[in-house]
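Data block for protein_17.cif (mmCIF, C-alpha atoms):
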```
data_start
#
loop_
_atom_site.label_atom_id
_atom_site.label_comp_id
_atom_site.auth_asym_id
_atom_site.auth_seq_id
_atom_site.Cartn_x
_atom_site.Cartn_y
_atom_site.Cartn_z
CA MET A 754 109.27 129.30 87.28
CA ASN A 755 110.84 125.86 87.47
CA LYS A 756 108.61 122.84 88.08
CA LYS A 757 108.48 121.27 91.52
CA GLN A 758 110.68 118.16 91.52
CA LEU A 759 110.03 114.52 92.36
CA PHE A 760 113.12 112.40 93.01
CA LEU A 761 112.46 108.65 92.83
CA LEU A 762 114.62 106.02 94.54
CA HIS A 763 114.25 102.51 93.17
CA PHE A 764 113.68 99.18 94.89
CA ALA A 765 116.31 96.39 95.05
CA GLY A 766 117.32 95.41 91.54
CA GLY A 767 115.70 98.53 90.12
CA SER A 768 117.03 101.32 87.91
CA ILE A 769 115.99 104.68 86.48
CA TYR A 770 113.46 102.76 84.38
CA SER A 771 111.59 101.32 87.39
CA PHE A 772 109.13 104.21 87.59
CA GLU A 773 108.22 104.60 83.93
CA PHE A 774 104.63 103.67 84.82
CA LEU A 775 104.40 107.08 86.55
CA ARG A 776 105.88 109.11 83.69
CA SER A 777 102.61 110.03 81.98
CA LEU A 778 100.85 110.67 85.32
CA CYS A 779 103.22 112.99 87.16
CA THR A 780 103.28 115.79 84.60
CA ASP A 781 102.98 118.48 87.29
CA PHE A 782 106.41 117.46 88.56
CA GLU A 783 109.84 117.32 87.01
CA MET A 784 110.15 113.56 87.53
CA ILE A 785 113.76 112.52 88.23
CA PRO A 786 114.38 108.79 88.75
CA LEU A 787 117.79 108.06 90.24
CA GLU A 788 119.80 104.85 90.18
CA LEU A 789 122.65 103.32 92.09
CA PRO A 790 125.81 102.17 90.26
CA GLY A 791 125.95 98.81 88.48
CA ARG A 792 122.68 98.94 86.52
CA GLY A 793 120.85 100.90 83.84
CA LYS A 794 122.90 103.79 82.53
CA ARG A 795 125.52 103.12 85.21
CA ILE A 796 126.06 99.48 84.32
CA LYS A 797 129.83 99.86 84.00
CA GLU A 798 130.20 101.22 87.52
CA LYS A 799 130.96 99.04 90.53
CA LEU A 800 128.00 97.86 92.62
CA LEU A 801 127.68 99.36 96.09
CA THR A 802 127.01 97.22 99.16
CA SER A 803 127.42 99.90 101.85
CA TYR A 804 124.45 101.91 103.13
CA PRO A 805 126.49 105.10 103.83
CA ASP A 806 128.05 104.90 100.35
CA ALA A 807 124.62 104.46 98.75
CA ILE A 808 123.02 107.47 100.44
CA LYS A 809 126.06 109.62 99.67
CA ASP A 810 125.77 108.62 96.00
CA LEU A 811 122.08 109.58 95.93
CA PHE A 812 122.72 112.80 97.85
CA LEU A 813 125.25 113.91 95.23
CA GLN A 814 122.82 113.06 92.41
CA ILE A 815 119.99 115.03 94.01
CA THR A 816 122.01 118.13 94.88
CA ASP A 817 123.40 118.18 91.35
CA LYS A 818 119.87 118.26 89.89
CA LEU A 819 118.07 120.69 92.22
CA ASN A 820 116.45 123.53 90.27
CA GLY A 821 115.57 125.80 93.18
CA SER A 822 111.93 124.71 93.42
CA PRO A 823 110.44 122.66 96.29
CA PHE A 824 110.92 118.92 95.89
CA ILE A 825 109.79 115.54 97.21
CA VAL A 826 111.90 112.43 97.80
CA TYR A 827 110.02 109.18 97.13
CA GLY A 828 111.41 105.68 97.52
CA HIS A 829 110.00 102.16 97.31
CA SER A 830 111.31 99.29 99.46
CA LEU A 831 115.12 99.70 99.36
CA GLY A 832 114.43 103.24 98.16
CA SER A 833 112.45 103.96 101.33
CA SER A 834 115.37 103.01 103.58
CA LEU A 835 117.71 105.08 101.45
CA GLY A 836 115.19 107.92 101.35
CA LEU A 837 115.36 108.45 105.10
CA GLY A 838 119.15 108.55 105.07
CA VAL A 839 119.41 110.88 102.09
CA THR A 840 116.73 113.19 103.55
CA ASP A 841 118.85 113.45 106.68
CA LEU A 842 121.89 114.39 104.58
CA LEU A 843 119.89 116.91 102.57
CA GLU A 844 118.64 118.60 105.73
CA LYS A 845 122.15 118.79 107.15
CA ASN A 846 123.18 120.42 103.85
CA ASN A 847 120.37 123.00 104.16
CA THR A 848 118.67 121.64 101.03
CA PRO A 849 115.68 119.86 102.62
CA PRO A 850 112.90 118.14 100.68
CA GLN A 851 109.30 119.27 101.10
CA CYS A 852 108.50 115.79 102.38
CA LEU A 853 109.63 112.16 102.27
CA ILE A 854 107.25 109.57 100.82
CA VAL A 855 108.05 105.90 101.45
CA SER A 856 106.35 102.74 100.22
CA GLY A 857 106.72 98.97 100.51
CA ASN A 858 108.66 99.29 103.75
CA ALA A 859 107.62 99.56 107.41
CA GLY A 860 110.78 101.45 108.32
CA PRO A 861 114.07 100.80 110.13
CA GLY A 862 114.24 98.12 112.79
CA ILE A 863 111.16 96.17 111.70
CA ALA A 864 112.31 93.47 109.27
CA THR A 865 114.08 90.65 111.07
CA GLU A 866 115.31 88.66 108.07
CA ASN A 867 119.05 89.30 108.22
CA ASN A 868 121.73 88.15 105.79
CA ARG A 869 119.31 87.47 102.94
CA SER A 870 122.06 88.59 100.58
CA ASP A 871 124.08 85.53 101.68
CA LEU A 872 121.38 83.01 100.75
CA GLU A 873 122.26 80.31 98.26
CA ARG A 874 121.01 80.92 94.72
CA ASP A 875 117.86 78.78 94.91
CA ASP A 876 116.92 80.07 98.37
CA PHE A 877 117.50 83.66 97.28
CA ILE A 878 115.27 83.17 94.22
CA SER A 879 112.55 81.60 96.41
CA MET A 880 112.68 84.61 98.73
CA LEU A 881 112.33 86.99 95.77
CA THR A 882 109.39 84.98 94.43
CA GLU A 883 107.61 85.26 97.79
CA LEU A 884 107.98 89.04 97.69
CA GLY A 885 106.14 89.11 94.37
CA GLY A 886 106.75 91.30 91.35
CA ILE A 887 109.39 89.03 89.79
CA PRO A 888 108.51 88.52 86.09
CA ASP A 889 108.14 84.90 84.95
CA GLU A 890 110.43 85.57 82.00
CA LEU A 891 113.18 86.48 84.46
CA LEU A 892 112.69 83.37 86.58
CA LYS A 893 112.77 81.16 83.46
CA SER A 894 115.98 82.64 82.02
CA LYS A 895 119.30 81.54 83.50
CA GLU A 896 121.07 84.25 81.49
CA LEU A 897 118.87 87.01 82.86
CA LEU A 898 119.12 85.64 86.40
CA ASP A 899 122.91 85.50 86.16
CA PHE A 900 122.86 89.19 85.23
CA VAL A 901 120.30 90.39 87.79
CA LEU A 902 121.14 88.31 90.88
CA PRO A 903 124.46 90.07 91.68
CA ILE A 904 122.65 93.43 91.52
CA LEU A 905 119.87 92.20 93.79
CA LYS A 906 122.29 90.69 96.28
CA ALA A 907 124.29 93.94 96.45
CA ASP A 908 121.09 95.91 97.04
CA PHE A 909 119.93 93.53 99.77
CA LYS A 910 123.33 93.92 101.45
CA ILE A 911 122.67 97.68 101.56
CA VAL A 912 119.28 97.11 103.21
CA GLU A 913 120.90 94.86 105.81
CA GLU A 914 123.02 97.86 106.81
CA ASP A 915 120.10 100.18 107.40
CA PHE A 916 120.77 100.04 111.16
CA PHE A 917 122.67 103.25 110.40
CA ILE A 918 119.28 105.05 110.39
CA GLU A 919 117.42 103.25 113.19
CA ASN A 920 117.80 106.37 115.35
CA THR A 921 117.49 108.92 112.54
CA ILE A 922 114.72 111.51 112.88
CA VAL A 923 114.21 114.07 110.13
CA LYS A 924 112.37 117.40 110.11
CA ALA A 925 110.57 116.55 106.88
CA PRO A 926 107.04 115.17 107.14
CA ILE A 927 106.85 111.47 106.24
CA VAL A 928 104.06 109.81 104.26
CA ALA A 929 104.12 105.98 104.31
CA VAL A 930 102.29 103.72 101.85
CA MET A 931 102.08 99.91 101.91
CA GLY A 932 100.18 97.07 100.29
CA ASN A 933 97.58 95.32 102.44
CA SER A 934 99.21 91.93 101.76
CA GLU A 935 102.70 92.98 102.82
CA LYS A 936 104.25 91.18 105.76
CA TYR A 937 104.73 94.20 108.02
CA VAL A 938 101.80 96.36 106.94
CA ASP A 939 100.52 96.38 110.53
CA ARG A 940 103.74 98.20 111.53
CA ILE A 941 103.44 101.03 109.02
CA ASN A 942 103.13 103.61 111.81
CA ASN A 943 106.72 102.81 112.77
CA TRP A 944 107.66 105.60 110.35
CA ARG A 945 105.99 108.15 112.63
CA LYS A 946 108.88 108.03 115.10
CA HIS A 947 111.34 109.04 112.36
CA THR A 948 109.98 112.55 111.85
CA PHE A 949 109.77 115.62 114.09
CA SER A 950 106.98 116.85 111.84
CA GLY A 951 103.71 115.51 110.38
CA PHE A 952 102.99 111.91 109.46
CA ASN A 953 100.37 110.26 107.28
CA SER A 954 99.87 106.73 105.96
CA TYR A 955 97.92 104.86 103.29
CA VAL A 956 97.29 101.13 102.80
CA LEU A 957 96.45 100.08 99.24
CA LYS A 958 95.42 96.70 97.89
CA GLY A 959 98.26 94.42 96.81
CA ASN A 960 101.55 92.75 97.64
CA HIS A 961 105.04 94.24 97.86
CA PHE A 962 104.83 95.61 94.33
CA PHE A 963 101.33 97.07 94.74
CA ILE A 964 102.63 100.36 93.31
CA LEU A 965 102.53 98.94 89.78
CA ASP A 966 98.73 98.69 90.03
CA HIS A 967 98.19 102.05 91.71
CA GLY A 968 99.92 104.69 89.61
CA ASP A 969 96.90 107.00 89.74
CA LYS A 970 96.65 106.71 93.51
CA LEU A 971 100.38 107.32 93.96
CA LYS A 972 100.11 110.46 91.84
CA GLU A 973 97.22 111.60 94.04
CA ILE A 974 99.31 110.93 97.15
CA PHE A 975 102.20 112.94 95.72
CA ASP A 976 99.89 115.90 95.03
CA ILE A 977 98.12 115.78 98.39
CA SER A 978 101.35 115.30 100.32
CA PHE A 979 103.07 118.18 98.53
CA LYS A 980 100.24 120.56 99.47
CA GLU A 981 99.89 119.31 103.04
CA CYS A 982 103.63 119.35 103.69
CA THR A 983 103.85 122.89 102.34
CA SER A 984 101.22 124.04 104.86
CA LEU A 985 103.11 122.37 107.72
CA ASN A 986 106.07 124.72 107.17
CA TYR A 987 108.23 122.04 108.77
CA ASN A 988 111.42 124.03 108.23
CA ASN A 989 110.56 125.83 111.47
CA VAL A 990 110.74 122.57 113.41
CA GLN A 991 113.70 122.61 115.80
#
```
Output the structure of this file as structure tokens.
Amino acid sequence: MNKKQLFLLHFAGGSIYSFEFLRSLCTDFEMIPLELPGRGKRIKEKLLTSYPDAIKDLFLQITDKLNGSPFIVYGHSLGSSLGLGVTDLLEKNNTPPQCLIVSGNAGPGIATENNRSDLERDDFISMLTELGGIPDELLKSKELLDFVLPILKADFKIVEEDFFIENTIVKAPIVAVMGNSEKYVDRINNWRKHTFSGFNSYVLKGNHFFILDHGDKLKEIFDISFKECTSLNYNNVQ
């Protein structure tokens, strides 16, 4: 029997390598990190700035890799916004995930900082620094910044278009996870209104990139959520 699958959607500026810290932990799953064009193994492809284009790209990647076993979609930050949209597409294609797990994001309609992708270079870098998780070696290297900033700006442009899913409600159960120092952690239950099925939430210690310090806990959440979502039998939700 094929392994259950875990599809991972990266944060802004991320790639298929963003979740390597989970590789040795999630051995019960076939772990499949995905990436948008313009980075990692897809560096030669044109960056996307459109939310609908991004979720279509991820949808095609997921459906190409399905092995017939139940699967989870997990996304962090940008990946959470994209996760809701791609889950909606998967359900409309009759290939629904067992559940959607989102982290580092309080859901559509919460963040009010628009047009961050249009910030001047120094202001954009300051905003990234406030979010946390930006390595010092990156901030100190003009060459690295020149390479990464266009990717980050394209990804932030995608997030700014997530109004496409403000009214999206999926049948899949949703599990939301945030760091206790994140700006909108008190709004985590906003995700509840985006599912017709079950909802659960966790708040862990840390800032926007708390996941890097909680690999073991994330693995536990994946396992618990998979079992709980299976028992919900959400596919019967109308």
Quick one: distance from atom CA of Lys970 of chain A to atom CA of Phe824 of chain A in Å, one decimal?
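Distance between the two atoms: 18.9 Å.
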Which of A:Phe812, A:Phe772, A:Tyr937, A:Tyr804 sits closest to Leu971 of chain A [using all atoms listed in the file]:
A:Phe772
If the PyMOL selection byres ((chain A and resi 975) around 10) is run on the structure shown, which residues does it catch, given as number ranges by chain?
A: 759, 779, 782, 825-827, 852-854, 928, 969-974, 976-981
For this structure, which residues satisfy the selection - the PyMOL selection byres ((chain A and resi 856) around 9) - when it is evaluated on the file as given? I want them as a ChimeraX atom specification.
/A:827-830,832-833,854-855,857-859,928-932,961,964
Show which residues sit within 10 Å of Tyr770 of chain A, as a PyMOL selection string. Count only C-alpha atoms, and ignore same-chain residues fewer than 5 positions away.
chain A and resi 763+776+786-788+793-794
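If you count only C-alpha atoms and ignore residues fewer than 6 places along the chain from Asp915 of chain A, what sits within 10 Å of it is A:Ser803, A:Tyr804, A:Pro805, A:Leu831, A:Ser834, A:Leu835, A:Leu837, A:Gly838, A:Gly860, A:Pro861, A:Gly862.
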For Leu813 of chain A, which residue out of A:Leu842, A:Ile911, A:Tyr955, A:Phe917 is the nearest one, using only C-alpha atoms?
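Closest to Leu813 of chain A, using only C-alpha atoms: A:Leu842.
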The distance between atom CA of Gly951 of chain A and atom CA of Ala925 of chain A is 7.8 Å
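Straight-line separation from atom CA of Cys982 of chain A to atom CA of Asn755 of chain A: 18.9 Å.
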Taking only C-alpha atoms into account, name the residue in A:Thr780, A:Ser879, A:Asn960, A:Ser954 that is nearest to Asn942 of chain A.
A:Ser954
Take the PyMOL selection byres ((chain A and resi 902) around 12), run it mentally on this structure, and tell me the resulting residues as a ChimeraX atom specification.
/A:765-767,791-792,800,870-878,881,887,891-892,894-901,903-909
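With all atoms listed in the file as the atoms that count, the minimum distance from Leu762 of chain A to the choices A:Leu819, A:Asp806, A:Gly836, A:Asp966 is reached by A:Gly836.
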Pick from A:Arg869, A:Lys809, A:Lys924, A:Lys958, whichever lies nearest to Leu789 of chain A using only C-alpha atoms
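Of A:Arg869, A:Lys809, A:Lys924, A:Lys958, the one nearest Leu789 of chain A is A:Lys809, counting only C-alpha atoms.
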Select, from A:Pro850, A:Glu935, A:Ile863, A:Glu919, the residue with the minimum atom-to-atom distance to Pro823 of chain A, counting only C-alpha atoms.
A:Pro850
Contacts of Lys946 of chain A at 10 Å or less, counting only C-alpha atoms, minus same-chain residues fewer than 5 places along, as an MDAnalysis selection string?
chainID A and resid 860 919:923 927 952
Which residues, protein or nucleic acid, reach to within 9 Å of (115.9, 125.5, 89.2) in the file's coordinates when using all atoms listed in the file, and can you give that as an MDAnalysis selection string?
chainID A and resid 754:757 818:822
